[in-house]
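A.B. asks: The structure file target07.cif (mmCIF, C-alpha atoms) is provided below.
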data_entry
loop_
_atom_site.label_atom_id
_atom_site.label_comp_id
_atom_site.auth_asym_id
_atom_site.auth_seq_id
_atom_site.Cartn_x
_atom_site.Cartn_y
_atom_site.Cartn_z
CA MET A 495 97.83 121.81 96.68
CA THR A 496 98.16 118.35 95.19
CA ARG A 497 97.08 118.08 91.60
CA LEU A 498 95.81 115.01 89.82
CA PHE A 499 96.71 113.80 86.34
CA LEU A 500 94.79 110.89 84.80
CA ILE A 501 95.79 108.50 82.00
CA ASP A 502 93.04 106.51 80.20
CA ALA A 503 95.44 103.71 79.18
CA LYS A 504 93.43 102.91 76.03
CA TRP A 505 93.95 99.49 74.55
CA GLU A 506 96.14 99.81 71.47
CA GLY A 507 94.66 96.90 69.51
CA LYS A 508 91.88 97.13 66.94
CA ILE A 509 88.43 96.03 68.04
CA ASN A 510 86.75 94.08 65.26
CA LEU A 511 83.41 92.39 64.97
CA THR A 512 84.86 88.89 64.85
CA ASN A 513 83.13 86.01 63.09
CA GLU A 514 82.55 84.33 66.46
CA LEU A 515 80.77 87.39 67.84
CA LYS A 516 78.83 87.88 64.62
CA GLU A 517 77.67 84.23 64.78
CA HIS A 518 76.80 84.52 68.48
CA LEU A 519 74.59 87.55 67.85
CA LYS A 520 73.05 85.92 64.78
CA LYS A 521 72.25 82.70 66.66
CA LYS A 522 70.49 84.72 69.35
CA LYS A 523 68.60 86.73 66.69
CA ILE A 524 69.88 90.00 68.10
CA LYS A 525 68.56 93.04 66.24
CA SER A 526 69.70 95.73 68.67
CA VAL A 527 72.36 96.14 71.35
CA ALA A 528 72.96 98.56 74.21
CA LEU A 529 76.70 99.09 73.83
CA PHE A 530 79.03 99.76 76.77
CA ALA A 531 82.78 99.49 77.39
CA SER A 532 85.33 100.26 80.03
CA ILE A 533 87.43 103.35 79.23
CA GLN A 534 90.26 101.30 77.66
CA PHE A 535 87.92 100.09 74.91
CA THR A 536 85.65 103.04 74.05
CA ASN A 537 87.20 103.73 70.60
CA LEU A 538 84.48 101.77 68.86
CA ASN A 539 83.53 103.77 65.74
CA GLU A 540 84.64 101.03 63.31
CA PHE A 541 83.13 98.31 65.47
CA ILE A 542 79.78 100.13 65.53
CA LYS A 543 79.86 100.52 61.72
CA GLU A 544 80.46 96.77 61.36
CA LEU A 545 77.53 95.98 63.66
CA GLU A 546 75.28 98.31 61.67
CA LYS A 547 76.43 96.71 58.41
CA ASN A 548 75.13 93.47 59.90
CA LYS A 549 71.74 95.12 60.52
CA ILE A 550 72.20 95.40 64.25
CA LYS A 551 70.98 98.67 65.72
CA VAL A 552 73.51 100.11 68.17
CA ASN A 553 72.13 102.14 71.08
CA ILE A 554 74.57 104.23 73.05
CA THR A 555 74.28 106.59 75.99
CA LYS A 556 76.40 108.31 78.61
CA ALA A 557 76.47 107.02 82.15
CA LYS A 558 75.97 110.04 84.39
CA ARG A 559 79.26 109.68 86.29
CA THR A 560 81.46 109.08 83.26
CA ASN A 561 83.20 111.48 80.96
CA GLU A 562 82.52 109.74 77.65
CA LYS A 563 79.61 108.09 75.90
CA ILE A 564 79.65 104.27 75.96
CA GLN A 565 81.97 104.20 78.98
CA ILE A 566 80.75 102.41 82.11
CA LEU A 567 82.03 102.52 85.66
CA GLY A 568 81.46 99.91 88.36
CA CYS A 569 79.31 102.37 90.28
CA ASP A 570 76.90 102.83 87.35
CA CYS A 571 74.79 100.08 88.86
CA TYR A 572 71.39 101.77 89.21
CA GLY A 573 68.58 102.06 86.67
CA ASP A 574 68.94 105.82 86.69
CA SER A 575 72.73 105.76 86.23
CA PHE A 576 72.37 106.52 82.50
CA GLN A 577 71.20 109.54 80.51
CA GLU A 578 68.83 107.34 78.48
CA ASP A 579 67.44 103.92 79.29
CA ILE A 580 68.91 102.21 76.24
CA ILE A 581 68.91 98.76 77.88
CA LYS A 582 65.10 98.68 77.91
CA ASN A 583 65.05 99.46 74.19
CA SER A 584 67.66 96.86 73.16
CA ASP A 585 67.55 93.07 72.75
CA VAL A 586 70.73 92.61 74.72
CA VAL A 587 73.57 94.50 76.41
CA LEU A 588 76.95 94.22 74.69
CA TYR A 589 79.95 95.02 76.88
CA ILE A 590 83.46 95.41 75.46
CA GLY A 591 86.25 94.79 77.94
CA ASP A 592 87.65 92.26 80.33
CA GLY A 593 86.67 91.19 83.85
CA LEU A 594 83.24 90.97 85.44
CA PHE A 595 83.11 94.04 87.69
CA HIS A 596 81.82 96.43 85.00
CA PRO A 597 79.42 94.08 83.19
CA LYS A 598 77.90 93.09 86.53
CA ALA A 599 77.02 96.76 87.04
CA LEU A 600 74.97 96.46 83.85
CA LEU A 601 73.03 93.54 85.39
CA LEU A 602 72.62 95.30 88.74
CA SER A 603 71.26 98.38 86.98
CA GLN A 604 68.32 96.22 85.85
CA ILE A 605 67.39 95.01 89.34
CA LYS A 606 64.05 96.83 89.18
CA SER A 607 63.34 96.13 85.49
CA LYS A 608 60.50 93.85 84.48
CA GLU A 609 62.40 92.47 81.53
CA PHE A 610 65.98 91.49 82.40
CA LYS A 611 68.41 91.73 79.45
CA PRO A 612 71.49 89.49 79.48
CA VAL A 613 74.95 91.00 79.09
CA ILE A 614 77.22 89.63 76.38
CA ILE A 615 80.85 90.29 77.27
CA PHE A 616 83.27 90.55 74.38
CA ASP A 617 86.87 90.58 75.54
CA PRO A 618 88.92 91.82 72.56
CA ILE A 619 92.26 90.94 74.17
CA ALA A 620 91.50 87.27 74.80
CA ASN A 621 89.03 87.25 71.88
CA GLN A 622 86.47 85.58 74.15
CA ILE A 623 82.70 85.81 74.42
CA LYS A 624 80.86 85.21 77.66
CA GLU A 625 77.27 85.81 78.64
CA ILE A 626 75.94 86.68 82.08
CA ASN A 627 72.33 87.11 83.13
CA LYS A 628 70.00 87.50 86.10
CA LYS A 629 70.96 84.19 87.71
CA ASP A 630 74.52 85.50 88.11
CA ILE A 631 73.31 88.17 90.55
CA GLU A 632 70.42 86.21 92.12
CA LYS A 633 72.26 85.87 95.46
CA GLN A 634 72.81 89.63 95.56
CA ILE A 635 69.14 90.33 94.75
CA GLN A 636 67.86 88.05 97.52
CA LYS A 637 70.32 89.44 100.08
CA LYS A 638 69.44 93.00 99.11
CA LYS A 639 65.73 92.35 99.67
CA ARG A 640 66.43 90.69 103.02
CA ASN A 641 68.66 93.58 104.10
CA LEU A 642 66.07 96.20 103.14
CA LYS A 643 63.46 94.39 105.25
CA MET A 644 65.89 94.22 108.17
CA PHE A 645 66.74 97.92 107.80
CA ILE A 646 63.07 98.87 107.94
CA ASN A 647 62.71 96.93 111.20
CA SER A 648 65.97 98.10 112.78
CA ARG A 649 66.08 100.78 115.44
CA THR A 650 69.84 101.25 115.78
CA ILE A 651 71.64 102.10 112.56
CA GLY A 652 75.35 102.56 111.75
CA ILE A 653 76.16 104.88 108.84
CA LEU A 654 79.54 104.29 107.18
CA VAL A 655 81.47 107.25 105.73
CA THR A 656 84.81 107.17 103.93
CA ILE A 657 87.22 110.11 103.80
CA LYS A 658 88.19 109.26 100.20
CA PRO A 659 87.07 112.40 98.34
CA GLY A 660 85.46 110.58 95.39
CA GLN A 661 83.26 108.48 97.65
CA GLN A 662 82.74 110.85 100.57
CA TYR A 663 79.09 111.55 101.42
CA PHE A 664 79.52 113.00 104.91
CA ASN A 665 76.71 115.56 104.54
CA SER A 666 74.30 112.94 103.19
CA ALA A 667 75.17 110.76 106.18
CA LYS A 668 74.36 113.60 108.56
CA ASN A 669 71.08 114.28 106.72
CA LEU A 670 70.18 110.60 106.92
CA LYS A 671 70.92 110.53 110.65
CA GLU A 672 68.47 113.43 111.16
CA LYS A 673 65.82 111.76 109.01
CA LEU A 674 66.15 108.48 110.90
CA LYS A 675 65.84 110.37 114.19
CA GLU A 676 62.48 111.74 113.02
CA GLN A 677 61.43 108.13 112.41
CA GLY A 678 62.38 107.15 115.97
CA LYS A 679 65.60 105.39 114.97
CA LYS A 680 68.99 106.04 116.55
CA ALA A 681 71.87 106.37 114.09
CA TYR A 682 75.61 106.56 114.61
CA ILE A 683 78.05 107.81 111.97
CA PHE A 684 81.31 105.86 111.53
CA ILE A 685 84.27 107.31 109.61
CA ASP A 686 87.25 105.57 108.02
CA ASN A 687 89.63 105.70 105.07
CA ASN A 688 88.79 102.17 103.88
CA ILE A 689 85.51 100.49 104.72
CA ASN A 690 86.82 97.18 106.02
CA LEU A 691 83.73 95.07 106.71
CA SER A 692 85.54 92.84 109.21
CA GLN A 693 85.23 95.85 111.55
CA LEU A 694 81.43 95.43 111.69
CA GLU A 695 81.69 92.75 114.36
CA ASN A 696 83.22 95.26 116.79
CA TYR A 697 79.91 97.12 116.98
CA PRO A 698 77.32 94.55 118.05
CA PHE A 699 74.84 97.25 119.12
CA ILE A 700 74.27 98.18 115.45
CA GLN A 701 71.29 96.30 113.97
CA CYS A 702 71.72 97.43 110.37
CA TRP A 703 74.40 99.32 108.46
CA VAL A 704 74.10 101.99 105.76
CA ASN A 705 77.00 102.38 103.36
CA THR A 706 77.64 105.81 101.84
CA ALA A 707 80.88 104.86 100.04
CA CYS A 708 81.18 102.74 96.86
CA PRO A 709 77.68 101.42 96.04
CA ARG A 710 79.13 98.04 95.10
CA ILE A 711 79.67 97.41 98.84
CA GLY A 712 75.87 97.34 99.14
CA THR A 713 75.42 95.10 96.11
CA ASP A 714 78.39 92.70 95.95
CA ASP A 715 80.03 92.60 99.39
CA ILE A 716 76.73 92.00 101.22
CA VAL A 717 76.74 88.34 100.18
CA ASN A 718 79.88 87.79 102.28
CA ILE A 719 78.61 89.32 105.52
CA GLU A 720 75.89 88.27 107.94
CA LYS A 721 74.96 91.72 109.30
CA PRO A 722 72.48 93.57 107.07
CA LEU A 723 73.87 96.49 105.07
CA ILE A 724 72.15 98.71 102.49
CA ASN A 725 73.33 101.64 100.38
CA ILE A 726 72.43 105.24 101.22
CA LYS A 727 70.45 105.54 97.99
CA GLU A 728 67.94 103.03 99.35
CA ALA A 729 68.05 104.27 102.95
CA PHE A 730 66.03 107.43 102.36
CA ASN A 731 63.09 105.47 100.99
CA PRO A 732 63.55 101.76 101.73
CA ILE A 733 59.88 100.78 101.54
CA LYS A 734 59.44 102.21 98.03
CA TYR A 735 62.66 100.55 96.88
CA LEU A 736 61.63 97.19 98.34
CA GLU A 737 58.17 97.40 96.80
CA GLU A 738 59.67 98.06 93.38
CA MET A 739 61.92 95.01 93.78
CA GLU A 740 59.13 92.79 95.11
CA LYS A 741 56.93 93.57 92.10
CA LEU A 742 59.22 91.52 89.86
CA MET B 1038 85.19 98.02 133.16
CA TYR B 1039 87.29 100.90 132.00
CA LYS B 1040 87.14 104.50 133.14
CA LEU B 1041 85.99 106.47 130.12
CA GLU B 1042 86.18 109.83 131.94
CA LEU B 1043 83.20 111.19 130.06
CA ASP B 1044 82.97 114.35 132.16
CA LYS B 1045 86.56 115.20 131.21
CA ILE B 1046 85.59 114.83 127.53
CA ILE B 1047 82.64 117.17 127.88
CA LYS B 1048 84.86 119.77 129.58
CA GLU B 1049 87.40 119.53 126.75
CA ILE B 1050 84.72 119.86 124.05
CA LYS B 1051 83.23 122.90 125.75
CA LYS B 1052 86.62 124.48 126.39
CA ARG B 1053 87.54 124.15 122.73
CA ASN B 1054 84.04 125.02 121.53
CA SER B 1055 84.25 122.03 119.19
CA LYS B 1056 81.57 121.72 116.54
CA GLN B 1057 82.39 118.24 115.24
CA VAL B 1058 84.16 115.55 117.24
CA LEU B 1059 85.47 112.15 116.25
CA ILE B 1060 86.00 109.43 118.84
CA GLN B 1061 88.51 106.66 118.14
CA LEU B 1062 88.63 103.46 120.18
CA PRO B 1063 90.66 100.26 120.23
CA ASP B 1064 88.70 97.09 119.37
CA GLY B 1065 88.03 96.19 123.00
CA LEU B 1066 86.26 99.50 123.63
CA LYS B 1067 84.36 99.86 120.36
CA ASN B 1068 81.27 98.36 121.94
CA LYS B 1069 81.14 101.44 124.19
CA SER B 1070 81.15 103.90 121.26
CA ASN B 1071 77.37 104.32 121.23
CA GLU B 1072 77.30 105.18 124.94
CA ILE B 1073 80.04 107.78 124.46
CA ILE B 1074 78.29 109.39 121.48
CA ASP B 1075 74.95 109.41 123.31
CA PHE B 1076 76.63 111.12 126.28
CA ILE B 1077 78.35 113.77 124.13
CA GLU B 1078 75.19 114.50 122.16
CA ASP B 1079 73.19 114.71 125.35
CA LYS B 1080 75.57 117.10 127.12
CA THR B 1081 76.66 119.31 124.21
CA ASN B 1082 75.45 120.56 120.82
CA THR B 1083 78.48 119.01 119.17
CA LYS B 1084 78.05 116.54 116.33
CA ALA B 1085 79.92 113.38 117.24
CA PHE B 1086 81.18 110.55 115.05
CA ILE B 1087 82.92 107.21 115.47
CA TRP B 1088 86.15 106.17 113.76
CA PHE B 1089 85.15 102.84 112.22
CA GLY B 1090 88.54 101.23 111.79
CA ASP B 1091 91.87 100.55 113.43
CA CYS B 1092 93.18 102.22 116.55
CA TYR B 1093 96.48 100.56 117.35
CA GLY B 1094 97.99 103.39 119.38
CA ALA B 1095 98.52 107.11 119.69
CA CYS B 1096 100.66 106.74 116.58
CA ASP B 1097 97.62 105.53 114.61
CA LEU B 1098 95.68 108.74 114.03
CA PRO B 1099 93.13 109.16 111.24
CA LEU B 1100 94.26 111.44 108.41
CA GLY B 1101 92.24 113.71 106.16
CA LEU B 1102 89.64 114.78 108.69
CA ASN B 1103 90.13 118.43 107.72
CA SER B 1104 88.04 117.72 104.67
CA LEU B 1105 85.11 116.87 106.95
CA ASP B 1106 85.68 119.86 109.28
CA VAL B 1107 86.16 117.57 112.24
CA ASP B 1108 87.89 119.80 114.79
CA LEU B 1109 88.66 117.36 117.59
CA ILE B 1110 89.73 113.72 117.77
CA ILE B 1111 89.28 111.95 121.09
CA GLN B 1112 91.25 108.74 121.18
CA PHE B 1113 90.65 106.24 123.99
CA GLY B 1114 92.95 103.61 125.44
CA HIS B 1115 96.32 105.24 124.74
CA ASN B 1116 98.44 107.99 126.17
CA ARG B 1117 100.93 110.47 124.84
CA PHE B 1118 104.12 108.94 123.44
CA ASN B 1119 107.49 110.29 122.46
CA LYS B 1120 108.43 109.71 118.89
CA GLU B 1121 111.85 108.19 118.55
CA LYS B 1122 114.35 110.13 116.49
CA TRP B 1123 116.00 108.13 113.73
#
Represent the structure contained in this file as structure tokens.

C.D. replies:
Amino acid sequence: MTRLFLIDAKWEGKINLTNELKEHLKKKKIKSVALFASIQFTNLNEFIKELEKNKIKVNITKAKRTNEKIQILGCDCYGDSFQEDIIKNSDVVLYIGDGLFHPKALLLSQIKSKEFKPVIIFDPIANQIKEINKKDIEKQIQKKKRNLKMFINSRTIGILVTIKPGQQYFNSAKNLKEKLKEQGKKAYIFIDNNINLSQLENYPFIQCWVNTACPRIGTDDIVNIEKPLINIKEAFNPIKYLEEMEKL
Amino acid sequence: MYKLELDKIIKEIKKRNSKQVLIQLPDGLKNKSNEIIDFIEDKTNTKAFIWFGDCYGACDLPLGLNSLDVDLIIQFGHNRFNKEKW
């Protein structure tokens, strides 16, 4: 049996509340933050104390898939991805780390929220501050709505399954196929190691695709493909999901 | 048109009493995958699935299907080959 050994690769530097970040928060009149970080940057005890000294309330939670509080993964991109909805109760989301993949998950998780909170990204390595908000995922939101509508009206569905153990939802795919059959839809299950979306064009008889692998395929990659694709999470109840999105 | 020999497939599935079958096709035949699955599901109680990706030859077999309890792979468009010894 193959065993797995994981290394966090924590960043060795000290994460301080810099004057620039302090000023940025002050200028925006921030009184509370929902704090998240990628695993390299979750040693934030001192940083939290500094924020609190500056009268900023720090809300933290654990994303359901992660191992540590504060940590966020790219797949924590749904409103119910967290133990507590701290974003709703904070003025802004503060993300510590680099790149956009993780902080975008924090925007995507608010897709059904009435009040959209921006995400301030503090990169302690480059010592840079960047802010992203709803307009940065607007394309994804519009495409997602369009795809849900197309899924509802499709009769022939392709369900994508990966063999990768961490993303494998073979049984859910089979359950979905049965459910769709009850609704008069015909579904086919496709299996692969990597979900390479350029393969979609080889199956022109499929009207809409359902992805059961990484949920970011159904949020980010959809903007680059013409064929509609939704995630399995939405596929079991697409009308309810669409209605919740349309309310905004 | 290509001969898909669907009756031969059904015989093989029944002979092996396969519970879960995966079909794998080269790009030019992928558009036939729905017809093949429909035929298998119509003629047997076997659950049948489609390999989504590449199928460059008999050397290009999917790995890791044990984890899904797939007991038979049916690959189209290629025949048995002899692996060269290095």

A.B. asks: If the PyMOL selection byres ((chain A and resi 720-729) around 10) is run on the structure shown, which residues does it catch, given as a ChimeraX atom specification?

C.D. replies: /A:572,637-646,648,651-654,663,666-667,670,673-674,691,694-695,698,700-713,715-719,730-736

A.B. asks: Compile the residues of chain B that lie within 6 Å of chain A, evaluated using only C-alpha atoms, and express the compilation as a list in words.

C.D. replies: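 Selected residues: Lys1067, Asn1068, Phe1086, Ile1087, Trp1088, Phe1089 and Gly1090 of chain B.
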
A.B. asks: Hey, what's within 12 Å of B:Leu1041 if we count all atoms listed in the file and toss same-chain stuff fewer than 3 positions away? As JSON, numbers by chain, please?

C.D. replies: {"B": [1038, 1044, 1045, 1046, 1047, 1060, 1062, 1066, 1067, 1069, 1070, 1072, 1073, 1074, 1076, 1111, 1112, 1113, 1114, 1115]}

A.B. asks: Report, in Å with one decimal, the straight-line distance from atom CA of A:Ile581 to atom CA of A:Val552.

C.D. replies: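 Interatomic distance, atom CA of A:Ile581 to atom CA of A:Val552: 10.8 Å.
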
A.B. asks: Work out how far atom CA of A:Glu506 is from atom CA of A:Thr555, in Å to one decimal.

C.D. replies: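 Value for the atom CA of A:Thr555-atom CA of A:Glu506 distance: 23.3 Å.
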
A.B. asks: Figure out the distance between atom CA of A:Leu519 and atom CA of A:Ala620, please, to one decimal in Å.

C.D. replies: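 Separation between atom CA of A:Ala620 and atom CA of A:Leu519: 18.3 Å.
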
A.B. asks: List as a PyMOL selection string the protein and nucleic acid residues near A:Asn621, meaning an atom at most 10 Å away when all atoms listed in the file are counted, but skip any in the same chain fewer than 4 places from it.

C.D. replies: chain A and resi 509-510+512+514-515+592+616-617

A.B. asks: I need the output of the PyMOL selection byres ((chain A and resi 525) around 8) for this file as an MDAnalysis selection string; which residues are they?

C.D. replies: chainID A and resid 523:524 526:527 549:551 584:585

A.B. asks: With only C-alpha atoms as the basis for distance, which of A:Lys558, A:Arg649, A:Lys520, A:Arg497 is at the shortest distance from A:Asp574?

C.D. replies: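 Of the candidates, the smallest distance to A:Asp574 is held by A:Lys558.
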
A.B. asks: Using the chain letters and numbers from this file, what does the PyMOL selection byres ((chain A and resi 599) around 8) select? Give the answer as a PDB file with C-alpha atoms, keeping the file's coordinate frame.

C.D. replies:
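And here is the file that came out, selection-v5.pdb:
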ATOM      1  CA  LEU A 567      82.030 102.520  85.660  1.00  0.00           C
ATOM      2  CA  GLY A 568      81.460  99.910  88.360  1.00  0.00           C
ATOM      3  CA  CYS A 569      79.310 102.370  90.280  1.00  0.00           C
ATOM      4  CA  ASP A 570      76.900 102.830  87.350  1.00  0.00           C
ATOM      5  CA  CYS A 571      74.790 100.080  88.860  1.00  0.00           C
ATOM      6  CA  TYR A 572      71.390 101.770  89.210  1.00  0.00           C
ATOM      7  CA  PHE A 595      83.110  94.040  87.690  1.00  0.00           C
ATOM      8  CA  HIS A 596      81.820  96.430  85.000  1.00  0.00           C
ATOM      9  CA  PRO A 597      79.420  94.080  83.190  1.00  0.00           C
ATOM     10  CA  LYS A 598      77.900  93.090  86.530  1.00  0.00           C
ATOM     11  CA  LEU A 600      74.970  96.460  83.850  1.00  0.00           C
ATOM     12  CA  LEU A 601      73.030  93.540  85.390  1.00  0.00           C
ATOM     13  CA  LEU A 602      72.620  95.300  88.740  1.00  0.00           C
ATOM     14  CA  SER A 603      71.260  98.380  86.980  1.00  0.00           C
TER      15      SER A 603
END

A.B. asks: Kindly indicate which residue among B:Pro1099, B:Ser1104, B:Ser1055, B:Asn1116 lies nearest to B:Ile1077, using only C-alpha atoms for the distances.

C.D. replies: B:Ser1055
